[in-house]
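First up is the structure itself, then whatever we jot down about it.
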Amino acid sequence: MLRIRQITLRPMANTTLYLFRNDLRLRDNPAWAAATNTTGSVLPLYVLDEDNTHSRPGGATRWWLHHSLSALASEISAAGGKLYLRQGDCVDVLESILQDTRVDRIVLSRGYEPRQRQVEQAIHDNWHEQYEIKRYGSYLLFEPEQIQNGQGLPYKVFTPFWKACLSMPEPAPGKSSAAKDIDFYKPRIASDKLEDWDLLPTRPDWAGGLKGHWQPGEAGAHEQLQRFLKDGLHSYDSDRDLPAINGTSCLSPHLHHGEISPLRIWFEVKKFAANDAALQKQAMSYLRELGWREFSNHLLFHWPELPEQPFRPEFTDFPWQEDEQSLRAWQQGRTGYPIVDAGMRQLWHTGWMHNRVRMIVGSLLVKHLLIHWHHGERWFWDTLVDADQANNSAGWQWVAGSGADAAPYFRVFNPILQGKKFDPDGEYVRRWVPELQQLGKTHIHTPWEADATTLAAAGITLGKDYPRPIVDHAAGRKRALAAFETFNSKRKAG
DNA sequence: TGAAATGTTGGGGCG
DNA sequence: ACGCCCCAACATTTC
């Protein structure tokens, strides 16, 4: 329904409705800067829109969102304002607020998920004639429209994609500080209480582990970046693959919620590494990982069906197996492969999993167990604090072999070798799989190969305290290759 | 951003 | 001294 503007009710008003989405920060936020660096006033709003499966945050993300919104509300409150909270279909909520207020401008940050784009389209279609609508990109370093190959098409392979990104004129850092003395518009309209959204788990409260590991919010994001620059960047290239070491940036959940902008990270990393060739090399390795984030988001933008459909259509007919029991064992970290179980339990406990281990657990699910990557994607969606539609679907399709620039189907990770290679002492395994605590280095990745004396000394009864491998590696590998082979030949024949 | 199978090479033990 | 064999180490190809 379109509202007819009543000129008489709108003197020189310059009032902005600011729609917060995945940009829960006040600094380095061009949209927020545009909304507040004016003579008018601003009404900050966040809408919890759970009407669509893929816009409903998972359990771990809800926990994060609660604390991030709480931090944002405090910041706004300290500046003399109020963050309005509403629940429901985002467009409906906007409609009702526009009716009840004297807003004449809508400002927001751009999103790349199908649902976010729908909302942006609806805002434009419904209101662009009556309202000034401003949209700014800051979730990514490069906009999808900017990066294309010689034929004007989106890249499907990462390396040339990233090369094209790096050859772009370096993006400008922009003003970091938020506006001072913001004039907040505080109409008497409904606003939910954050506590009433029930974003936090209650019975049972599984968030204990999350609390100890993360500090959601803009301040926490900047602290995490500083920690990484100081402790992690200098050996990023080698340490990022070792899950026992805190060698990665751990910025993904902050980035997902927009508590820090990738552009800010880009500049802080480059500034930190300036005048040090060795450090610059490490810095480029790290920025390349940000590049994968760009790649995934660009892919999702160009192929909005990525979360559902295989990027390579021939995978539509792949013979996935339904296997509830194995899926549950995988989810619970009881596959009998220590590195896999450690990863799944780290995920459950902290809402996060080391990236190297994500590849290993993913490979086991889709290759050894032949379980559809949708199941893995859904589990990650619910349990990861950094659950991101683009990264999640592109990542799972990469593991499954059906994605863009994906691992070829025959690339089956060997969970034993991966464990030995990237967790040589078993430190990571022992941290997350306490029942293997007493097992020595020799058998930490192959408890089933330990002799009875060793197992007894470690206090382990296989099949009771810790499971035997859910599937024999060699057999599982063979079965996966065979499955791909039959489907491949059928496809060729058909 | 693998792993396993297969091929090649070169050093050393040994008849 | 020489060829033969074994096999580790490395390289290539195949899955």
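By convention here, the chains of the structure tokens are called A, B, ... in the order presented, each chain's residues are numbered starting at 1, and ligands are numbered starting at 1 in the order presented.
Residues in contact range of segment 2-15 of chain B, defined as at most 8 Å between only C-alpha atoms (C1' of nucleotides), with sequence neighbours fewer than 6 positions away removed, read Arg411, Val412, Phe413 and Asn414 of chain A; DA11, DT12, DT13, DT14 and DC15 of chain C.
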Output C-alpha atoms (C1' of nucleotides) for every residue in that selection, as a PDB file, in the first residue's frame.
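For reference, result.pdb as written:
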ATOM      1  CA  ARG A 411      39.714 -35.498  -3.834  1.00  0.00           C
ATOM      2  CA  VAL A 412      38.805 -37.447  -0.732  1.00  0.00           C
ATOM      3  CA  PHE A 413      40.445 -36.222   2.452  1.00  0.00           C
ATOM      4  CA  ASN A 414      42.054 -38.968   4.484  1.00  0.00           C
TER       5      ASN A 414
ATOM      6  C1'  DA C  11      58.224 -37.493  -9.470  1.00  0.00           C
ATOM      7  C1'  DT C  12      54.242 -38.369 -12.230  1.00  0.00           C
ATOM      8  C1'  DT C  13      49.601 -40.006 -13.163  1.00  0.00           C
ATOM      9  C1'  DT C  14      45.456 -41.499 -11.820  1.00  0.00           C
ATOM     10  C1'  DC C  15      41.563 -41.695  -8.982  1.00  0.00           C
TER      11       DC C  15
END
Contact check, chain A to chain B, at most 10 Å, counting only C-alpha atoms (C1' of nucleotides), closest pairs as a Markdown table:
| residue | atom | partner | partner_atom | distance |
| --- | --- | --- | --- | --- |
| A:Asp241 | CA | B:DT1 | C1' | 9.5 |
| A:Asn355 | CA | B:DT1 | C1' | 9.9 |
| A:Arg356 | CA | B:DT1 | C1' | 8.3 |
| A:Met359 | CA | B:DT1 | C1' | 8.8 |
| A:Ala407 | CA | B:DT1 | C1' | 8.8 |
| A:Pro408 | CA | B:DG2 | C1' | 9.8 |
| A:Phe410 | CA | B:DG2 | C1' | 8.6 |
| A:Arg411 | CA | B:DG2 | C1' | 5.4 |
| A:Val412 | CA | B:DG2 | C1' | 6.5 |
| A:Phe413 | CA | B:DG2 | C1' | 6.1 |
| A:Asn414 | CA | B:DA3 | C1' | 7.1 |
| A:Leu417 | CA | B:DA3 | C1' | 9.1 |
| A:Gln418 | CA | B:DG2 | C1' | 9.5 |
| A:Arg477 | CA | B:DA3 | C1' | 10.0 |
For the selection you just gave me, I'd like the residues written to a file as a short mmCIF file (atom, residue, chain, number, x, y, z; two decimals), in the first residue's frame, keeping C-alpha atoms.
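out28.cif, freshly written:
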data_model
loop_
_atom_site.label_atom_id
_atom_site.label_comp_id
_atom_site.auth_asym_id
_atom_site.auth_seq_id
_atom_site.Cartn_x
_atom_site.Cartn_y
_atom_site.Cartn_z
CA ASP A 241 46.35 -24.76 9.02
CA ASN A 355 38.69 -23.90 8.69
CA ARG A 356 41.07 -26.77 7.99
CA MET A 359 37.11 -29.27 5.13
CA ALA A 407 37.58 -29.79 -5.14
CA PRO A 408 37.32 -32.47 -7.84
CA PHE A 410 38.10 -37.71 -6.43
CA ARG A 411 39.71 -35.50 -3.83
CA VAL A 412 38.81 -37.45 -0.73
CA PHE A 413 40.45 -36.22 2.45
CA ASN A 414 42.05 -38.97 4.48
CA LEU A 417 46.62 -38.31 7.32
CA GLN A 418 45.01 -34.92 7.76
CA ARG A 477 36.96 -43.84 -0.17
#
For the structure I just gave you, how does DSSP split segment 120-327 of chain A - specifically, which residues are alpha helix (DSSP H)? Reply as a PyMOL selection string. chain A and resi 120-127+158-166+208-213+218-227+236-239+252-256+262-273+277-302+324-327
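Counting from atom CA of Asn14 of chain A, the distance to atom CA of Arg102 of chain A is 9.1 Å.
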For Gln215 of chain A, find every residue with an atom within 9 Å (counting only C-alpha atoms (C1' of nucleotides)), except residues of its own chain fewer than 4 positions away, and show them as a list in words. Trp64, His67, Ser68, Leu210, Lys211, Ala219, Gly220, Ala221, Glu223 and Gln224 of chain A
Export of the given selection (N, CA and C atoms) as a short mmCIF file (atom, residue, chain, number, x, y, z; two decimals), in the first residue's frame:
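See result34.cif below for the written result:
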data_model
loop_
_atom_site.label_atom_id
_atom_site.label_comp_id
_atom_site.auth_asym_id
_atom_site.auth_seq_id
_atom_site.Cartn_x
_atom_site.Cartn_y
_atom_site.Cartn_z
N TRP A 64 24.55 -14.93 19.12
CA TRP A 64 25.46 -13.84 18.75
C TRP A 64 24.67 -12.56 18.49
N HIS A 67 23.59 -10.57 21.51
CA HIS A 67 24.64 -9.77 22.17
C HIS A 67 25.13 -8.64 21.28
N SER A 68 25.12 -8.87 19.99
CA SER A 68 25.56 -7.83 19.08
C SER A 68 24.55 -6.67 19.07
N LEU A 210 30.09 -20.68 24.40
CA LEU A 210 30.17 -19.53 23.50
C LEU A 210 30.62 -18.28 24.26
N LYS A 211 30.05 -18.12 25.44
CA LYS A 211 30.38 -16.94 26.25
C LYS A 211 31.87 -16.81 26.48
N ALA A 219 33.12 -3.44 19.53
CA ALA A 219 34.35 -3.36 20.33
C ALA A 219 35.09 -4.69 20.30
N GLY A 220 34.33 -5.77 20.46
CA GLY A 220 34.93 -7.10 20.42
C GLY A 220 35.58 -7.38 19.09
N ALA A 221 34.98 -6.92 18.02
CA ALA A 221 35.52 -7.14 16.68
C ALA A 221 36.88 -6.46 16.54
N GLU A 223 38.90 -5.61 18.96
CA GLU A 223 39.87 -6.29 19.83
C GLU A 223 40.40 -7.55 19.16
N GLN A 224 39.50 -8.29 18.53
CA GLN A 224 39.90 -9.52 17.85
C GLN A 224 40.90 -9.21 16.72
#
Nearest to chain C among A:His213, A:Lys478, A:Arg188, A:Arg203, with distances taken over only C-alpha atoms (C1' of nucleotides): which residue is it? A:Lys478
Residues within 9 Å of Pro154 of chain A, please, as a ChimeraX atom specification. Count only C-alpha atoms (C1' of nucleotides); anything in the same chain fewer than 2 positions from it doesn't count. /A:144-145,147-149,151-152,156,161,298-299,302
Generate a file of the selected residues that holds C-alpha atoms, formatted as an mmCIF file, in the first residue's frame.
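Output (again.cif):
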data_model
loop_
_atom_site.group_PDB
_atom_site.id
_atom_site.type_symbol
_atom_site.label_atom_id
_atom_site.label_comp_id
_atom_site.auth_asym_id
_atom_site.auth_seq_id
_atom_site.Cartn_x
_atom_site.Cartn_y
_atom_site.Cartn_z
ATOM 1 C CA PRO A 144 29.748 -7.986 -7.761
ATOM 2 C CA GLU A 145 29.116 -5.640 -10.698
ATOM 3 C CA ILE A 147 34.413 -7.782 -11.021
ATOM 4 C CA GLN A 148 33.950 -9.557 -14.318
ATOM 5 C CA ASN A 149 36.063 -11.410 -16.850
ATOM 6 C CA GLN A 151 33.568 -11.399 -21.684
ATOM 7 C CA GLY A 152 31.776 -9.397 -19.037
ATOM 8 C CA LYS A 156 33.806 -19.142 -11.832
ATOM 9 C CA PHE A 161 38.764 -13.776 -9.712
ATOM 10 C CA HIS A 298 29.730 -12.788 -5.639
ATOM 11 C CA LEU A 299 28.761 -16.348 -6.542
ATOM 12 C CA HIS A 302 25.084 -14.207 -9.547
#
Taking 2 positions as the minimum chain separation for residues in the same chain, which residues sit within 12 Å of Gln309 of chain A when counting only C-alpha atoms (C1' of nucleotides)? Answer as a VMD selection string. chain A and resid 300 303 to 307 311 to 318 372 to 374 393 to 394 396 to 397 402 to 403
Ala31 of chain A environment, 12 Å, only C-alpha atoms (C1' of nucleotides), sequence neighbours closer than 3 positions dropped, as a ChimeraX atom specification: /A:16-28,34-38,42,44,106-110,133-139,174-175,178-179,261
Could the residues in this selection be written to a file with C-alpha atoms, as a PDB file, in the first residue's frame?
ATOM      1  CA  THR A  16      16.032   9.230   8.047  1.00  0.00           C
ATOM      2  CA  LEU A  17      14.845   5.744   8.774  1.00  0.00           C
ATOM      3  CA  TYR A  18      17.993   3.699   9.130  1.00  0.00           C
ATOM      4  CA  LEU A  19      17.535  -0.006   8.611  1.00  0.00           C
ATOM      5  CA  PHE A  20      20.290  -1.983  10.322  1.00  0.00           C
ATOM      6  CA  ARG A  21      20.941  -5.401   8.839  1.00  0.00           C
ATOM      7  CA  ASN A  22      24.318  -7.150   8.638  1.00  0.00           C
ATOM      8  CA  ASP A  23      26.075  -3.894   9.471  1.00  0.00           C
ATOM      9  CA  LEU A  24      25.770  -3.773  13.246  1.00  0.00           C
ATOM     10  CA  ARG A  25      28.376  -1.076  13.779  1.00  0.00           C
ATOM     11  CA  LEU A  26      28.633   2.692  13.885  1.00  0.00           C
ATOM     12  CA  ARG A  27      32.227   3.112  12.721  1.00  0.00           C
ATOM     13  CA  ASP A  28      33.361   2.483   9.132  1.00  0.00           C
ATOM     14  CA  ALA A  34      25.274   9.104   5.282  1.00  0.00           C
ATOM     15  CA  ALA A  35      22.301   8.858   7.602  1.00  0.00           C
ATOM     16  CA  THR A  36      23.898  10.803  10.423  1.00  0.00           C
ATOM     17  CA  ASN A  37      26.223  13.318   8.777  1.00  0.00           C
ATOM     18  CA  THR A  38      23.303  15.496   7.794  1.00  0.00           C
ATOM     19  CA  VAL A  42      17.677   9.530  12.329  1.00  0.00           C
ATOM     20  CA  PRO A  44      17.650   3.459  13.822  1.00  0.00           C
ATOM     21  CA  ILE A 106      15.417   5.404   4.009  1.00  0.00           C
ATOM     22  CA  VAL A 107      19.061   4.431   4.307  1.00  0.00           C
ATOM     23  CA  LEU A 108      20.511   0.951   4.481  1.00  0.00           C
ATOM     24  CA  SER A 109      23.510  -1.206   3.638  1.00  0.00           C
ATOM     25  CA  ARG A 110      23.436  -3.503   0.690  1.00  0.00           C
ATOM     26  CA  ILE A 133      16.246   5.833  -0.689  1.00  0.00           C
ATOM     27  CA  LYS A 134      19.994   5.415  -0.223  1.00  0.00           C
ATOM     28  CA  ARG A 135      21.833   2.149  -0.271  1.00  0.00           C
ATOM     29  CA  TYR A 136      25.558   1.675   0.404  1.00  0.00           C
ATOM     30  CA  GLY A 137      27.813  -1.329   0.001  1.00  0.00           C
ATOM     31  CA  SER A 138      30.246  -2.180   2.778  1.00  0.00           C
ATOM     32  CA  TYR A 139      29.742  -5.883   3.435  1.00  0.00           C
ATOM     33  CA  GLY A 174      36.880   6.482   4.046  1.00  0.00           C
ATOM     34  CA  LYS A 175      36.151   8.192   7.311  1.00  0.00           C
ATOM     35  CA  ALA A 178      30.967   7.984  13.417  1.00  0.00           C
ATOM     36  CA  ALA A 179      29.236  11.315  13.368  1.00  0.00           C
ATOM     37  CA  SER A 261      33.998  -3.907   7.775  1.00  0.00           C
TER      38      SER A 261
END
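For the pair atom CA of Trp352 of chain A and atom CA of Leu384 of chain A, the interatomic distance is 5.3 Å.
Across the model, the gap from atom CA of Pro243 of chain A to atom CA of Thr461 of chain A is 26.5 Å.
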Tell me, as a PyMOL selection string, which residues lie within 8 Å of segment 285-296 of chain A, counting only C-alpha atoms (C1' of nucleotides); anything in the same chain fewer than 6 positions away does not count. chain A and resi 140-142+158+161-162+233+236-237+262+266+390-391+394-395
